[in-house]
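As stored in start_30.cif (mmCIF, C-alpha atoms and all ligand atoms):
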data_data
#
loop_
_atom_site.label_atom_id
_atom_site.label_comp_id
_atom_site.auth_asym_id
_atom_site.auth_seq_id
_atom_site.Cartn_x
_atom_site.Cartn_y
_atom_site.Cartn_z
CA MET A 15 -76.58 0.58 176.82
CA LYS A 16 -77.50 4.11 175.71
CA ARG A 17 -74.49 6.42 175.42
CA GLY A 18 -74.51 9.42 177.75
CA CYS A 19 -73.73 13.02 176.86
CA PHE A 20 -70.23 14.52 176.77
CA ILE A 21 -69.94 18.28 177.40
CA THR A 22 -66.60 20.07 177.59
CA PHE A 23 -65.71 23.58 178.80
CA GLU A 24 -62.91 25.51 177.17
CA GLY A 25 -61.33 28.95 177.13
CA VAL A 26 -58.27 30.93 178.18
CA GLU A 27 -56.89 30.91 181.74
CA GLY A 28 -59.31 32.02 184.44
CA CYS A 29 -62.27 32.27 182.03
CA GLY A 30 -64.60 30.72 184.64
CA LYS A 31 -64.84 27.09 183.47
CA SER A 32 -64.60 25.45 186.89
CA THR A 33 -67.18 27.86 188.32
CA GLN A 34 -69.67 27.18 185.52
CA LEU A 35 -69.05 23.44 185.49
CA ALA A 36 -69.92 23.18 189.19
CA LEU A 37 -73.13 25.19 188.69
CA LEU A 38 -74.20 23.06 185.72
CA LYS A 39 -73.49 19.87 187.65
CA ASP A 40 -75.77 20.97 190.50
CA TYR A 41 -78.51 21.95 188.06
CA LEU A 42 -78.37 18.72 186.07
CA GLU A 43 -78.37 16.62 189.23
CA SER A 44 -81.41 18.54 190.49
CA ARG A 45 -83.08 17.49 187.22
CA GLY A 46 -82.30 13.83 187.87
CA CYS A 47 -79.19 13.36 185.70
CA SER A 48 -76.28 11.18 186.74
CA VAL A 49 -73.24 13.45 186.25
CA ASP A 50 -69.50 12.77 186.27
CA VAL A 51 -67.32 15.89 186.59
CA THR A 52 -63.71 15.61 185.54
CA ARG A 53 -60.83 17.67 184.14
CA GLU A 54 -57.84 17.70 181.82
CA PRO A 55 -55.05 17.23 182.22
CA GLY A 56 -56.13 14.85 184.96
CA GLY A 57 -59.18 12.85 185.99
CA THR A 58 -57.34 9.60 186.84
CA PRO A 59 -54.30 8.92 189.06
CA ILE A 60 -51.94 8.51 186.07
CA ALA A 61 -53.27 11.60 184.28
CA GLU A 62 -53.12 13.66 187.50
CA ALA A 63 -49.46 12.65 187.89
CA ILE A 64 -48.80 13.81 184.31
CA ARG A 65 -50.64 17.08 185.15
CA GLY A 66 -48.14 17.67 187.97
CA VAL A 67 -45.23 17.43 185.51
CA LEU A 68 -46.95 19.59 182.87
CA LEU A 69 -47.91 22.50 185.11
CA ASP A 70 -44.91 22.64 187.47
CA PRO A 71 -43.19 26.01 186.76
CA VAL A 72 -39.85 24.37 187.52
CA HIS A 73 -39.92 22.51 184.15
CA ARG A 74 -38.87 25.51 182.06
CA GLU A 75 -36.83 23.31 179.69
CA MET A 76 -39.85 21.27 178.52
CA THR A 77 -40.02 21.22 174.70
CA SER A 78 -43.28 21.88 172.86
CA VAL A 79 -43.29 18.32 171.50
CA THR A 80 -42.81 16.82 174.96
CA GLU A 81 -45.67 18.99 176.19
CA LEU A 82 -47.92 17.86 173.32
CA LEU A 83 -47.17 14.17 173.94
CA LEU A 84 -47.76 14.46 177.69
CA TYR A 85 -51.19 16.09 177.17
CA ALA A 86 -52.06 13.32 174.70
CA ALA A 87 -50.83 10.59 177.07
CA ALA A 88 -52.89 12.00 179.94
CA ARG A 89 -55.94 12.14 177.64
CA ALA A 90 -55.54 8.54 176.44
CA GLN A 91 -55.63 7.29 180.03
CA HIS A 92 -58.49 9.61 180.98
CA VAL A 93 -60.68 8.51 178.06
CA ALA A 94 -60.00 4.80 178.57
CA GLU A 95 -60.29 4.71 182.35
CA ARG A 96 -62.97 7.28 183.02
CA ILE A 97 -64.75 9.10 180.18
CA ARG A 98 -65.66 6.18 177.92
CA PRO A 99 -66.93 3.98 180.81
CA ALA A 100 -69.05 6.88 182.17
CA LEU A 101 -70.59 7.55 178.73
CA ASP A 102 -71.20 3.82 178.23
CA ALA A 103 -73.05 3.84 181.57
CA GLY A 104 -75.34 6.60 180.22
CA LYS A 105 -73.90 9.42 182.38
CA VAL A 106 -73.52 13.08 181.53
CA VAL A 107 -69.77 13.77 181.55
CA LEU A 108 -68.75 17.40 182.21
CA CYS A 109 -65.06 17.91 181.48
CA ASP A 110 -62.95 20.98 182.29
CA ARG A 111 -60.87 21.14 179.06
CA PHE A 112 -60.35 18.35 176.50
CA ALA A 113 -58.75 17.90 173.07
CA ASP A 114 -59.72 21.41 171.89
CA SER A 115 -57.28 22.79 174.47
CA THR A 116 -54.49 20.94 172.66
CA THR A 117 -55.62 22.44 169.35
CA ALA A 118 -55.67 25.94 170.88
CA TYR A 119 -52.59 25.82 173.17
CA GLN A 120 -50.20 23.48 171.37
CA GLY A 121 -51.58 24.27 167.88
CA ALA A 122 -52.44 28.00 167.83
CA GLY A 123 -50.24 28.84 170.85
CA ARG A 124 -47.08 26.79 170.17
CA ALA A 125 -47.55 26.55 166.37
CA LEU A 126 -47.23 22.74 166.26
CA SER A 127 -48.49 21.08 163.08
CA PRO A 128 -52.27 20.62 162.76
CA GLU A 129 -51.71 17.21 161.12
CA THR A 130 -49.63 15.96 164.07
CA ILE A 131 -52.24 17.24 166.51
CA ALA A 132 -55.10 15.65 164.55
CA ALA A 133 -53.26 12.30 164.51
CA LEU A 134 -52.70 12.45 168.27
CA HIS A 135 -56.36 13.35 168.82
CA ARG A 136 -57.34 10.17 166.97
CA ILE A 137 -54.96 8.04 169.02
CA ALA A 138 -55.69 9.59 172.42
CA THR A 139 -59.50 9.86 172.16
CA GLY A 140 -60.14 6.62 170.30
CA GLY A 141 -63.07 8.46 168.70
CA VAL A 142 -64.65 9.70 171.95
CA TRP A 143 -65.55 13.29 171.12
CA PRO A 144 -67.68 15.97 172.84
CA ASP A 145 -71.34 16.41 171.91
CA LEU A 146 -71.07 20.05 172.99
CA THR A 147 -68.11 22.31 173.74
CA ILE A 148 -68.76 25.61 175.49
CA VAL A 149 -66.02 28.21 175.06
CA LEU A 150 -66.12 30.90 177.74
CA ASP A 151 -64.64 33.76 175.78
CA ILE A 152 -62.84 36.55 177.63
CA ASP A 153 -59.88 38.85 177.13
CA PRO A 154 -56.82 36.82 178.25
CA GLU A 155 -55.57 39.74 180.36
CA GLU A 156 -58.80 39.67 182.33
CA GLY A 157 -58.59 35.89 182.75
CA LEU A 158 -54.98 36.00 183.93
CA LYS A 159 -55.92 38.71 186.44
CA ARG A 160 -58.63 36.42 187.81
CA ALA A 161 -56.26 33.43 187.93
CA MET A 162 -53.53 35.49 189.59
CA ALA A 163 -55.88 36.86 192.24
CA ARG A 164 -56.64 33.29 193.31
CA ARG A 165 -53.17 31.68 193.32
CA GLY A 166 -49.70 31.81 191.71
CA LEU A 167 -49.37 31.18 187.97
CA ASP A 168 -48.45 27.71 186.63
CA ARG A 169 -45.98 26.93 183.81
CA ILE A 170 -48.46 27.59 180.98
CA GLU A 171 -50.08 30.63 182.62
CA ASN A 172 -46.59 32.16 182.81
CA GLU A 173 -46.42 32.33 178.99
CA SER A 174 -46.50 35.75 177.26
CA ILE A 175 -49.75 37.65 176.70
CA GLU A 176 -49.22 37.15 172.93
CA PHE A 177 -49.29 33.38 173.49
CA HIS A 178 -52.59 33.66 175.39
CA ARG A 179 -54.05 35.87 172.63
CA ARG A 180 -53.18 33.20 170.03
CA VAL A 181 -54.87 30.60 172.26
CA ARG A 182 -58.04 32.67 172.44
CA GLU A 183 -58.01 33.01 168.64
CA GLY A 184 -57.49 29.25 168.39
CA PHE A 185 -60.70 28.60 170.33
CA LEU A 186 -62.63 31.14 168.26
CA ALA A 187 -61.32 29.55 165.04
CA LEU A 188 -62.59 26.17 166.25
CA SER A 189 -66.03 27.66 166.85
CA ARG A 190 -66.05 29.00 163.31
CA SER A 191 -65.06 25.66 161.78
CA GLU A 192 -67.41 23.54 163.95
CA PRO A 193 -70.25 25.92 164.90
CA GLU A 194 -72.69 23.13 165.82
CA ARG A 195 -70.39 21.61 168.44
CA VAL A 196 -68.17 24.49 169.62
CA VAL A 197 -70.23 27.38 170.94
CA PRO A 198 -68.57 30.54 172.31
CA ILE A 199 -70.33 32.62 174.94
CA ASP A 200 -69.32 35.92 176.49
CA GLY A 201 -67.51 34.92 179.69
CA ALA A 202 -66.77 38.50 180.79
CA ARG A 203 -70.25 38.93 182.28
CA GLY A 204 -71.30 38.08 185.82
CA VAL A 205 -71.45 34.43 186.94
CA ASP A 206 -75.27 34.23 186.82
CA ALA A 207 -75.61 35.61 183.29
CA VAL A 208 -72.99 33.18 182.01
CA ALA A 209 -74.65 30.29 183.90
CA ALA A 210 -78.01 31.01 182.24
CA ASP A 211 -76.42 30.65 178.79
CA VAL A 212 -74.56 27.49 179.81
CA ARG A 213 -77.77 25.91 181.11
CA ARG A 214 -79.68 26.78 177.95
CA LEU A 215 -77.00 25.24 175.73
CA ALA A 216 -76.86 22.07 177.84
CA GLU A 217 -80.63 21.71 177.84
CA GLU A 218 -80.64 21.81 174.05
CA ARG A 219 -78.45 18.66 174.03
CA ILE A 220 -79.63 16.69 177.06
CA PRO A 221 -83.18 15.36 177.16
CA LEU A 222 -84.40 16.33 180.68
CA ALA A 223 -87.54 14.93 182.28
N1 LIG B 301 -53.63 22.80 178.60
C1 LIG B 301 -54.62 21.92 178.93
C2 LIG B 301 -52.93 22.69 177.39
O1 LIG B 301 -52.02 23.48 177.13
N2 LIG B 301 -53.27 21.68 176.54
C3 LIG B 301 -54.24 20.76 176.81
O2 LIG B 301 -54.50 19.85 176.01
C4 LIG B 301 -54.96 20.89 178.07
C5 LIG B 301 -56.04 19.90 178.41
C6 LIG B 301 -54.59 23.53 182.68
C7 LIG B 301 -53.52 24.16 181.84
O3 LIG B 301 -53.12 23.24 180.84
C8 LIG B 301 -53.26 23.83 179.57
C9 LIG B 301 -54.27 24.92 179.75
C10 LIG B 301 -54.01 25.41 181.15
O4 LIG B 301 -52.96 26.34 181.10
P1 LIG B 301 -55.82 24.48 184.75
O5 LIG B 301 -55.44 24.57 186.17
O6 LIG B 301 -56.90 23.55 184.39
O7 LIG B 301 -54.55 24.15 183.90
O8 LIG B 301 -56.04 25.98 184.29
P2 LIG B 301 -57.34 26.65 183.86
O9 LIG B 301 -58.04 25.78 182.90
O10 LIG B 301 -57.03 28.03 183.39
O11 LIG B 301 -58.22 26.69 185.16
P3 LIG B 301 -58.47 27.80 186.19
O12 LIG B 301 -58.98 27.07 187.38
O13 LIG B 301 -57.29 28.68 186.38
O14 LIG B 301 -59.57 28.70 185.52
P4 LIG B 301 -61.11 28.46 185.24
O15 LIG B 301 -61.55 27.12 185.65
O16 LIG B 301 -61.38 28.87 183.86
O17 LIG B 301 -61.78 29.57 186.13
P5 LIG B 301 -62.47 29.50 187.56
O18 LIG B 301 -63.88 29.14 187.42
O19 LIG B 301 -61.62 28.70 188.48
O20 LIG B 301 -62.41 31.05 187.92
C11 LIG B 301 -61.18 31.73 188.11
C12 LIG B 301 -61.42 32.86 189.13
O21 LIG B 301 -62.32 33.81 188.54
C13 LIG B 301 -63.53 33.92 189.34
C14 LIG B 301 -63.55 32.68 190.21
O22 LIG B 301 -64.25 32.91 191.41
C15 LIG B 301 -62.07 32.40 190.43
O23 LIG B 301 -61.58 33.17 191.48
N3 LIG B 301 -64.65 33.97 188.39
C16 LIG B 301 -65.25 35.11 188.00
N4 LIG B 301 -65.02 36.39 188.31
C17 LIG B 301 -65.80 37.32 187.70
N5 LIG B 301 -66.80 37.02 186.81
C18 LIG B 301 -67.05 35.76 186.48
N6 LIG B 301 -68.03 35.48 185.57
C19 LIG B 301 -66.26 34.73 187.07
N7 LIG B 301 -66.25 33.37 186.94
C20 LIG B 301 -65.26 32.94 187.76
#

Can you turn what I pasted into structure tokens?
Amino acid sequence: MKRGCFITFEGVEGCGKSTQLALLKDYLESRGCSVDVTREPGGTPIAEAIRGVLLDPVHREMTSVTELLLYAAARAQHVAERIRPALDAGKVVLCDRFADSTTAYQGAGRALSPETIAALHRIATGGVWPDLTIVLDIDPEEGLKRAMARRGLDRIENESIEFHRRVREGFLALSRSEPERVVPIDGARGVDAVAADVRRLAEERIPLA
């Protein structure tokens, strides 16, 4: 069966991924696509349980390596149980964060080794990799303000502003090393202006009737 299309959304906290993902889903469905929307960490019962452990602010003692392995474990289950079957069924999969978040947060943010992270990417994804990754780029202070206005901050959001700046740089570095796949857009604009860019990028990758 024809493989579907895998699009991921990335960026710092509160950059607007969930908002844009929902708008793109509605648009693609209105154009006749079969769309599966999911998120990381999460997307399956096991991965959602791991998400609870990862984001709970009570787990202050969690080591960086434990954090890395838990994100990878959640991803392995998510790919096997949900993403790969949806792509095999020819669906468009829209995912709120994926492996690039590990590269940015645990790599650029926590300074864990790129070789270790690359090895875990191979194990956890089994070679399932996005066709397009849209990075919604905004100043982390702005993103945290947005996230804070909506709810309390989780364990990762509570990190220092320097950590979040390294994460932003991590995403931008990925877009420089893989410019075809990882495309940054200015996420500081209004929702509609960002959505127009997102739609254009998606339409370049998905053949619509
Ligand atoms: N993580 C994740 C890792 O460290 N490693 C990994 O491998 C992975 C997969 C996930 C956390 O885990 C970390 C990263 C994260 O810290 P999460 O709950 O998914 O946790 O956190 P976020 O990804 O930050 O999700 P949020 O829901 O907080 O932010 P979104 O989805 O980027 O933003 P959104 O759309 O919910 O918008 C936030 C607020 O801003 C408003 C919205 O209405 C909302 O109130 N907004 C705008 N306001 C002004 N202008 C715009 N253009 C706006 N767009 C949205």

Report task. With all atoms listed in the file counted, collect every polymer residue having an atom within 7 Å of ligand LIG 301 (chain B); state the result as an MDAnalysis selection string. Result -> chainID A and resid 25:34 54:55 69 85 110:116 119:120 160:161 163:164 170:171 201:205 208

Report task. Scan for residues within 10 Å of the point (-73.0, 20.8, 186.3) in the coordinates of the file, using all atoms listed in the file, and reply as a list in words. Result ->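 I get Ile21, Ser32, Thr33, Gln34, Leu35, Ala36, Leu37, Leu38, Lys39, Asp40, Tyr41, Leu42, Glu43, Ser44, Cys47, Val49, Asp50, Val51, Val106, Val107, Leu108, Cys109, Ala209, Val212, Arg213 and Ala216 of chain A for the residues within 10 Å of that point.
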
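Nearest to Arg98 (chain A) of all the residues A:Pro154, A:Gly141, A:Pro59, A:Pro221 is A:Gly141, based on all atoms listed in the file.
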
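For the set A:Asp153, A:Glu217, A:Glu194, A:Glu62, the residue with the smallest atom-to-atom gap to Arg180 (chain A) is A:Asp153, counting only C-alpha atoms.
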
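Coordinates place CA of Pro144 (chain A) at a distance of 14.4 Å from CA of Pro99 (chain A).
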
Selection near Ser78 (chain A), 10 Å with all atoms listed in the file, sequence-local residues under 3 positions removed, as a PDB file with C-alpha atoms, in the coordinates of the input:
ATOM      1  CA  GLU A  75     -36.830  23.310 179.690  1.00  0.00           C
ATOM      2  CA  GLU A  81     -45.670  18.990 176.190  1.00  0.00           C
ATOM      3  CA  LEU A  82     -47.920  17.860 173.320  1.00  0.00           C
ATOM      4  CA  LEU A  83     -47.170  14.170 173.940  1.00  0.00           C
ATOM      5  CA  LEU A  84     -47.760  14.460 177.690  1.00  0.00           C
ATOM      6  CA  GLN A 120     -50.200  23.480 171.370  1.00  0.00           C
ATOM      7  CA  GLY A 121     -51.580  24.270 167.880  1.00  0.00           C
ATOM      8  CA  ARG A 124     -47.080  26.790 170.170  1.00  0.00           C
ATOM      9  CA  ALA A 125     -47.550  26.550 166.370  1.00  0.00           C
ATOM     10  CA  LEU A 126     -47.230  22.740 166.260  1.00  0.00           C
TER      11      LEU A 126
END

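Between CA of Glu183 (chain A) and CA of Ala122 (chain A) there is a distance of 7.5 Å.
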
**Report entry** Coordinates-based distance that separates CA of Ile131 (chain A) from CA of Gly157 (chain A) (Å, one decimal)
**Finding:**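 About the pair CA of Gly157 (chain A) and CA of Ile131 (chain A): they are 25.5 Å apart.
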
Query raised in the report: So which one's closest to Leu134 (chain A), A:Leu222, A:Ile175, A:Ala210, A:Ala86? Using all atoms listed in the file, please.
Result: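 Using all atoms listed in the file, the shortest distance to Leu134 (chain A) belongs to A:Ala86.
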
Query raised in the report: From the list A:Val149, A:Ala63, A:Ala118, A:Ala207, which residue is nearest Gln91 (chain A) when using all atoms listed in the file?
Result: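 Of A:Val149, A:Ala63, A:Ala118, A:Ala207, the one nearest Gln91 (chain A), counting all atoms listed in the file, is A:Ala63.
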
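Nearest residue to Glu218 (chain A), choosing from A:Ile152, A:Met162, A:Leu146, A:Val72 and counting all atoms listed in the file: A:Leu146.
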
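Restricting the calculation to all atoms listed in the file, the smallest distance between His73 (chain A) and any of A:Gly140, A:Pro128, A:Thr58, A:Asp168 is found for A:Asp168.
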
Can you sort out the box for region 67-86 of chain A, edges along x, y and z, all listed atoms in, 5 Å on every side, with centre and edge lengths in Å to one decimal, as JSON?
{"center_x": -44.4, "center_y": 19.7, "center_z": 179.5, "size_x": 25.2, "size_y": 22.7, "size_z": 26.0}
